[in-house]
$ cat coords-v7.txt   # compact mmCIF, C-alpha atoms and all ligand atoms
# COMPACT_ATOMS: atom_id res chain seq x y z
CA MET F 1 60.91 7.00 -8.67
CA LYS F 2 57.25 5.96 -8.35
CA GLY F 3 56.70 8.72 -5.80
CA TRP F 4 57.99 11.34 -8.25
CA LEU F 5 55.71 9.98 -10.97
CA LEU F 6 52.67 10.14 -8.68
CA LEU F 7 53.57 13.66 -7.65
CA LEU F 8 53.89 14.69 -11.31
CA LEU F 9 50.46 13.20 -12.07
CA LEU F 10 48.85 15.03 -9.17
CA VAL F 11 50.43 18.33 -10.06
CA ALA F 12 49.40 17.90 -13.70
CA SER F 13 45.87 16.72 -12.90
CA PRO F 14 43.01 19.17 -13.55
CA VAL F 15 41.40 20.98 -10.61
CA PHE F 16 37.60 21.12 -10.24
CA ALA F 17 35.96 23.87 -8.22
CA ALA F 18 32.53 22.17 -8.40
CA GLY F 19 31.71 18.69 -7.12
CA LEU F 20 33.09 18.96 -3.58
CA LYS F 21 30.48 20.15 -1.05
CA VAL F 22 31.16 21.06 2.60
CA TYR F 23 28.44 20.86 5.31
CA PRO F 24 28.30 23.15 7.14
CA ARG F 25 30.58 25.69 5.50
CA GLN F 26 31.46 27.15 8.89
CA VAL F 27 32.21 25.14 12.05
CA GLN F 28 33.58 25.79 15.52
CA ASP F 29 36.69 24.07 16.78
CA GLY F 30 35.70 20.72 18.32
CA GLU F 31 32.90 20.15 15.81
CA ALA F 32 32.55 17.67 12.94
CA PHE F 33 31.80 18.47 9.30
CA LEU F 34 30.89 16.46 6.21
CA LEU F 35 32.45 16.44 2.80
CA ARG F 36 30.42 15.17 -0.12
CA LEU F 37 32.05 14.34 -3.42
CA GLU F 38 29.54 14.50 -6.27
CA ALA F 39 31.46 12.75 -9.02
CA PRO F 40 29.83 9.46 -10.17
CA ASP F 41 32.80 8.33 -12.28
CA VAL F 42 35.32 8.60 -9.44
CA ILE F 43 36.45 5.27 -7.96
CA PHE F 44 38.98 6.54 -5.39
CA ALA F 45 39.11 9.77 -3.46
CA ALA F 46 41.12 10.97 -0.47
CA VAL F 47 41.67 14.26 1.34
CA ARG F 48 44.48 15.34 3.62
CA TRP F 49 43.14 16.68 6.92
CA ASN F 50 44.84 17.19 10.30
CA ASP F 51 48.11 15.92 8.75
CA ALA F 52 46.60 12.53 7.86
CA PRO F 53 44.94 11.12 4.75
CA ALA F 54 41.22 10.33 4.98
CA ILE F 55 39.62 8.12 2.34
CA PHE F 56 36.05 8.37 1.02
CA ASP F 57 33.94 5.18 1.08
CA LEU F 58 32.57 5.50 -2.45
CA GLN F 59 31.07 1.99 -2.47
CA HIS F 60 28.71 2.35 0.48
CA ASP F 61 28.48 5.94 1.52
CA ARG F 62 28.00 7.85 -1.75
CA GLY F 63 31.08 9.98 -1.38
CA ARG F 64 30.49 11.26 2.14
CA LEU F 65 33.33 11.77 4.56
CA LEU F 66 33.01 12.89 8.19
CA LEU F 67 35.94 14.87 9.59
CA ALA F 68 36.62 16.63 12.89
CA VAL F 69 38.08 20.02 13.70
CA LYS F 70 40.33 19.60 16.75
CA PRO F 71 39.32 21.42 19.93
CA GLY F 72 41.50 24.51 20.07
CA GLN F 73 42.33 24.41 16.34
CA ALA F 74 43.16 27.93 15.16
CA PRO F 75 40.34 29.87 13.48
CA GLY F 76 40.69 30.61 9.79
CA ARG F 77 39.92 29.42 6.28
CA TYR F 78 41.30 25.92 5.69
CA PRO F 79 41.75 24.78 2.09
CA LEU F 80 40.34 21.32 1.31
CA GLN F 81 41.82 19.42 -1.60
CA VAL F 82 40.49 16.01 -2.64
CA TYR F 83 42.67 13.78 -4.84
CA ALA F 84 40.56 11.48 -7.00
CA VAL F 85 40.97 8.78 -9.63
CA ASP F 86 38.21 8.04 -12.15
CA ARG F 87 37.27 4.77 -13.89
CA ALA F 88 39.65 5.48 -16.75
CA GLY F 89 42.54 5.90 -14.30
CA ARG F 90 42.73 9.66 -14.73
CA THR F 91 43.65 11.73 -11.67
CA ARG F 92 41.93 14.98 -10.77
CA ARG F 93 41.58 17.31 -7.84
CA TYR F 94 38.54 18.92 -6.22
CA ARG F 95 38.85 22.03 -4.12
CA ASN F 96 36.80 23.79 -1.49
CA GLU F 97 37.44 25.38 1.87
CA LEU F 98 36.22 25.24 5.45
CA ASN F 99 35.80 28.26 7.70
CA VAL F 100 36.78 27.46 11.31
CA VAL F 101 35.66 29.91 14.00
CA ALA F 102 36.61 29.84 17.68
CA ALA F 103 34.01 28.29 19.99
CA ARG F 104 33.06 30.19 23.14
CA ARG F 105 32.87 27.53 25.83
CA PRO F 106 31.24 28.20 29.22
CA VAL F 107 33.09 27.74 32.55
CA GLU F 108 31.92 25.61 35.50
CA ARG F 109 33.37 25.25 39.01
CA LEU F 110 33.15 21.83 40.68
CA THR F 111 34.06 20.47 44.09
CA LEU F 112 34.77 16.76 44.61
CA PRO F 113 36.37 14.78 47.48
CA SER F 114 40.14 15.00 46.98
CA ALA F 115 40.50 11.18 47.00
CA GLN F 116 38.51 11.06 43.76
CA VAL F 117 40.33 14.00 42.17
CA THR F 118 43.93 12.94 42.79
CA PRO F 119 44.11 9.15 43.15
CA ARG F 120 47.55 8.25 44.50
CA LYS F 121 47.41 4.54 45.31
CA PRO F 122 49.72 2.70 42.88
CA ALA F 123 47.04 0.09 42.14
CA VAL F 124 44.55 2.83 41.22
CA LEU F 125 47.08 4.70 39.06
CA GLU F 126 48.00 1.43 37.34
CA ARG F 127 44.28 0.74 36.67
CA ILE F 128 43.72 4.25 35.27
CA GLY F 129 46.71 3.87 32.95
CA ARG F 130 45.59 0.45 31.77
CA GLU F 131 42.04 1.68 31.05
CA ARG F 132 43.33 4.75 29.22
CA ARG F 133 45.52 2.57 26.96
CA MET F 134 42.57 0.23 26.33
CA LEU F 135 40.38 3.16 25.22
CA GLN F 136 43.17 4.64 23.06
CA GLU F 137 43.45 1.29 21.27
CA ILE F 138 39.69 1.29 20.53
CA TYR F 139 39.83 4.93 19.33
CA ALA F 140 42.69 4.07 16.97
CA VAL F 141 40.77 1.33 15.11
CA ASP F 142 39.40 2.36 11.71
CA THR F 143 36.72 -0.30 10.98
CA PRO F 144 36.00 -0.34 7.22
CA SER F 145 32.18 -0.58 7.57
CA ARG F 146 30.85 2.90 8.30
CA PHE F 147 27.49 3.23 10.04
CA TRP F 148 27.21 6.96 9.58
CA SER F 149 23.45 7.46 9.34
CA GLY F 150 20.38 7.59 11.54
CA PHE F 151 22.13 9.24 14.50
CA ARG F 152 19.95 10.31 17.44
CA ARG F 153 20.42 11.36 21.05
CA PRO F 154 20.97 8.41 23.43
CA VAL F 155 18.34 9.86 25.82
CA ASP F 156 15.56 12.43 25.34
CA ASN F 157 16.53 14.51 28.37
CA PRO F 158 17.88 18.09 28.18
CA VAL F 159 21.60 18.89 28.07
CA GLY F 160 23.19 19.72 31.43
CA SER F 161 26.87 20.31 30.59
CA PRO F 162 27.83 20.92 26.95
CA PHE F 163 30.88 19.60 25.13
CA GLY F 164 34.02 21.64 25.74
CA LEU F 165 32.83 23.13 29.05
CA ARG F 166 35.90 24.46 30.84
CA ARG F 167 35.90 22.92 34.31
CA ILE F 168 37.66 24.23 37.37
CA LEU F 169 37.87 21.34 39.83
CA ASN F 170 38.58 22.27 43.45
CA GLY F 171 40.11 25.51 42.17
CA HIS F 172 42.34 23.89 39.49
CA PRO F 173 41.58 24.17 35.74
CA LYS F 174 41.00 20.73 34.21
CA SER F 175 40.89 19.54 30.61
CA PRO F 176 37.67 20.65 28.87
CA HIS F 177 34.55 18.46 29.06
CA SER F 178 35.18 15.61 26.61
CA GLY F 179 31.51 14.94 25.88
CA VAL F 180 27.96 16.13 26.53
CA ASP F 181 25.99 15.49 29.74
CA PHE F 182 22.24 14.93 29.71
CA ARG F 183 20.15 15.57 32.83
CA SER F 184 18.67 12.06 32.92
CA PRO F 185 17.01 10.44 35.94
CA ARG F 186 18.50 7.23 37.30
CA GLY F 187 17.22 4.17 35.42
CA THR F 188 16.45 6.00 32.15
CA PRO F 189 17.06 3.60 29.21
CA VAL F 190 20.23 4.58 27.29
CA ARG F 191 20.00 3.96 23.54
CA ALA F 192 22.76 3.48 20.98
CA PRO F 193 23.11 6.89 19.24
CA GLY F 194 24.01 5.13 15.99
CA ALA F 195 24.55 1.66 14.57
CA GLY F 196 27.79 -0.17 15.22
CA THR F 197 29.51 -2.85 17.29
CA VAL F 198 29.94 -2.80 21.07
CA ARG F 199 33.70 -2.82 21.74
CA LEU F 200 33.57 -2.48 25.53
CA ALA F 201 30.91 -2.95 28.23
CA ASP F 202 32.69 -2.80 31.57
CA THR F 203 33.31 -0.83 34.75
CA LEU F 204 36.10 1.76 34.46
CA PHE F 205 37.60 3.99 37.17
CA TYR F 206 36.57 7.40 35.81
CA THR F 207 33.47 6.61 33.76
CA GLY F 208 31.99 3.80 35.90
CA LYS F 209 29.83 1.33 34.00
CA THR F 210 30.67 2.21 30.41
CA VAL F 211 29.58 1.12 26.92
CA VAL F 212 31.82 1.88 23.93
CA ILE F 213 30.31 1.59 20.43
CA ASP F 214 32.42 1.51 17.24
CA HIS F 215 30.40 3.20 14.44
CA GLY F 216 33.11 2.46 11.86
CA GLY F 217 35.55 4.67 10.02
CA GLY F 218 37.18 5.77 13.29
CA LEU F 219 33.91 7.09 14.81
CA VAL F 220 33.41 5.88 18.40
CA SER F 221 30.78 6.64 21.09
CA VAL F 222 31.34 6.28 24.85
CA LEU F 223 28.28 6.16 27.14
CA ALA F 224 29.34 6.62 30.75
CA HIS F 225 28.30 6.50 34.43
CA LEU F 226 25.60 3.85 33.73
CA GLN F 227 23.73 2.08 36.51
CA SER F 228 23.56 -1.15 34.53
CA LEU F 229 25.00 -2.56 31.31
CA GLY F 230 22.53 -4.05 28.82
CA VAL F 231 24.96 -5.31 26.14
CA LYS F 232 28.13 -7.34 25.83
CA PRO F 233 31.25 -6.69 23.71
CA GLY F 234 30.85 -7.94 20.14
CA ARG F 235 27.11 -7.18 19.96
CA ASP F 236 25.94 -5.30 16.86
CA VAL F 237 23.51 -2.49 17.69
CA ARG F 238 21.16 -0.31 15.67
CA PRO F 239 20.31 3.34 16.34
CA GLY F 240 18.01 3.17 19.38
CA THR F 241 19.07 -0.25 20.74
CA ILE F 242 18.98 -0.09 24.56
CA VAL F 243 22.56 -0.55 25.85
CA GLY F 244 22.07 0.21 29.56
CA GLU F 245 20.47 2.47 32.16
CA VAL F 246 21.44 5.93 33.45
CA GLY F 247 23.29 5.94 36.76
CA SER F 248 26.03 7.72 38.66
CA THR F 249 28.88 5.20 38.69
CA GLY F 250 32.56 6.21 38.45
CA ARG F 251 33.61 9.83 38.99
CA SER F 252 30.18 11.42 39.00
CA THR F 253 28.32 13.90 41.20
CA GLY F 254 24.82 12.52 40.51
CA PRO F 255 22.74 10.59 37.97
CA HIS F 256 23.30 11.81 34.40
CA LEU F 257 24.34 10.40 31.03
CA HIS F 258 27.74 11.39 29.64
CA TRP F 259 28.21 10.82 25.87
CA THR F 260 31.68 11.16 24.38
CA VAL F 261 32.42 10.93 20.65
CA ARG F 262 35.87 10.41 19.13
CA LEU F 263 36.48 10.74 15.42
CA GLY F 264 39.91 9.53 14.34
CA GLY F 265 40.82 9.83 18.03
CA ILE F 266 39.77 13.51 18.18
CA PRO F 267 37.20 14.53 20.84
CA THR F 268 34.21 15.86 18.89
CA ASP F 269 30.94 17.52 19.99
CA PRO F 270 28.46 14.58 19.92
CA LEU F 271 25.50 16.83 19.15
CA THR F 272 26.97 17.76 15.76
CA LEU F 273 26.46 14.09 14.73
CA THR F 274 22.73 14.19 15.42
CA THR F 275 22.42 16.93 12.80
CA LEU F 276 25.09 15.84 10.28
CA LEU F 277 24.31 12.09 10.38
CA ARG F 278 20.59 12.18 11.20
CA THR F 279 19.05 10.97 7.97
CA ARG F 280 19.16 7.39 6.74
CA GLU F 281 18.82 8.18 3.05
CA THR F 282 22.50 7.91 2.25
CA MET F 283 23.08 4.55 3.93
CA VAL F 284 23.82 2.07 1.16
CA HIS F 285 23.72 3.25 -2.45
CA PRO F 286 26.51 2.10 -4.74
CA VAL F 287 27.93 4.92 -6.78
CA GLY F 288 26.29 5.37 -10.18
CA LYS F 289 23.29 3.11 -9.45
CA ASP F 290 20.71 5.70 -8.35
ZN ZN W 1 30.30 14.52 31.32

$ encode --input "coords-v7.txt" --output "structure tokens"
Amino acid sequence: MKGWLLLLLLVASPVFAAGLKVYPRQVQDGEAFLLRLEAPDVIFAAVRWNDAPAIFDLQHDRGRLLLAVKPGQAPGRYPLQVYAVDRAGRTRRYRNELNVVAARRPVERLTLPSAQVTPRKPAVLERIGRERRMLQEIYAVDTPSRFWSGFRRPVDNPVGSPFGLRRILNGHPKSPHSGVDFRSPRGTPVRAPGAGTVRLADTLFYTGKTVVIDHGGGLVSVLAHLQSLGVKPGRDVRPGTIVGEVGSTGRSTGPHLHWTVRLGGIPTDPLTLTTLLRTRETMVHPVGKD
């Protein structure tokens, strides 16, 4: 009965064309985008995206919400509808749309020793499975505090392999590159790309010495193939905190830094964060107290 009542309220609630901004208006699959709700009297707002509800943090993030377009998501115009409740308990809807275009990803051919490509030892397979489950558990956490400002590159070196690069390993097509590689010399300090809490600092089979940072709200960074780890799990970091040094540990062909970003579990191009979440101005401003 309550469900029907809620549905009736939502259907009857007025629709606003203004007030919901989308940055940028056009994105490629695999990229992130920001919604901004400019409605000071709204106390709750949520949008349905990728078949799941996402809730705005109106207390601490001034109505910003970061969302990801899945790699391979079909191009087209996607309607965005935000359901909101104002201080007086009135419901309303805000509408906009996002234009998704297909990314053109480059192709790279790699050759690695077959022992590294197809590990068969039961102990190794068991380890890989255990580490994958451990990472999936971290990706699934939606920490309420969102540190979604002041993002920067973890190293200043140029990009070697971009996100989404289609790799052909020893002649076999592999899943697309899950992050971005920087051409960094061994020993280069690796900095936290954004604030957050270290959830993992350990040696994993594929990514070698690895640091995982939880930026809150389901946004997670993985910094891989490090030569040394400079932080421990549980440590809070700021943008720029040194978390380790560049190396070539794990499945790697030479020194470089690999940076993966997951948003709500979805692999997302990390470089989109350094543009969307660069500024610090929106960090903590309660709604209506400008
Ligand atoms: Zn990589």

$ closest_residue --input "coords-v7.txt" --among "F:Val69, F:Leu34, F:Ala140, F:Val180" --to "Asp214 in chain F" --atoms "all atoms listed in the file"
F:Ala140

$ residues_near_ligand --input "coords-v7.txt" --ligand "ligand ZN 1 (chain W)" --cutoff "9 Å" --atoms "only C-alpha atoms and all ligand atoms" --output "list of chain:residue names"
F:Gly160, F:Ser161, F:Pro162, F:Phe163, F:His177, F:Ser178, F:Gly179, F:Val180, F:Asp181, F:Phe182, F:Thr207, F:Ala224, F:His225, F:Ser252, F:His256, F:Leu257, F:His258, F:Trp259, F:Thr260

$ residues_around --input "coords-v7.txt" --residues "Arg278 in chain F" --least-positions-apart "5" --cutoff "8 Å" --atoms "all atoms listed in the file" --output "list of chain:residue names"
F:Ser149, F:Gly150, F:Phe151, F:Arg152, F:Leu273

$ closest_residue --input "coords-v7.txt" --among "F:Gln73, F:Val22, F:Ala84, F:Arg251" --to "Thr111 in chain F" --atoms "all atoms listed in the file"
F:Arg251

$ closest_residue --input "coords-v7.txt" --among "F:Leu67, F:Val15, F:Ala192, F:Ile128" --to "Phe205 in chain F" --atoms "only C-alpha atoms"
F:Ile128

$ residues_around --input "coords-v7.txt" --residues "Leu219 in chain F" --least-positions-apart "6" --cutoff "8 Å" --atoms "all atoms listed in the file" --output "PyMOL selection string"
chain F and resi 139+142+261-264

$ residues_around --input "coords-v7.txt" --residues "range 94-96 of chain F" --least-positions-apart "4" --cutoff "9 Å" --atoms "all atoms listed in the file" --output "PyMOL selection string"
chain F and resi 14-22+37+78-84

$ atom_distance --input "coords-v7.txt" --atom1 "CA of Gly247 in chain F" --atom2 "CA of Ala201 in chain F"
14.5 Å

$ residues_around --input "coords-v7.txt" --residues "Gln26 in chain F" --least-positions-apart "6" --cutoff "12 Å" --atoms "all atoms listed in the file" --output "PDB file with C-alpha atoms, in the frame of the given file"
ATOM      1  CA  ALA F  32      32.550  17.670  12.940  1.00  0.00           C
ATOM      2  CA  PHE F  33      31.800  18.470   9.300  1.00  0.00           C
ATOM      3  CA  LEU F  34      30.890  16.460   6.210  1.00  0.00           C
ATOM      4  CA  VAL F  69      38.080  20.020  13.700  1.00  0.00           C
ATOM      5  CA  PRO F  75      40.340  29.870  13.480  1.00  0.00           C
ATOM      6  CA  GLY F  76      40.690  30.610   9.790  1.00  0.00           C
ATOM      7  CA  ARG F  77      39.920  29.420   6.280  1.00  0.00           C
ATOM      8  CA  TYR F  78      41.300  25.920   5.690  1.00  0.00           C
ATOM      9  CA  GLU F  97      37.440  25.380   1.870  1.00  0.00           C
ATOM     10  CA  LEU F  98      36.220  25.240   5.450  1.00  0.00           C
ATOM     11  CA  ASN F  99      35.800  28.260   7.700  1.00  0.00           C
ATOM     12  CA  VAL F 100      36.780  27.460  11.310  1.00  0.00           C
ATOM     13  CA  VAL F 101      35.660  29.910  14.000  1.00  0.00           C
ATOM     14  CA  ALA F 102      36.610  29.840  17.680  1.00  0.00           C
ATOM     15  CA  ALA F 103      34.010  28.290  19.990  1.00  0.00           C
TER      16      ALA F 103
END

$ atom_distance --input "coords-v7.txt" --atom1 "CA of Pro106 in chain F" --atom2 "CA of Glu131 in chain F"
28.7 Å
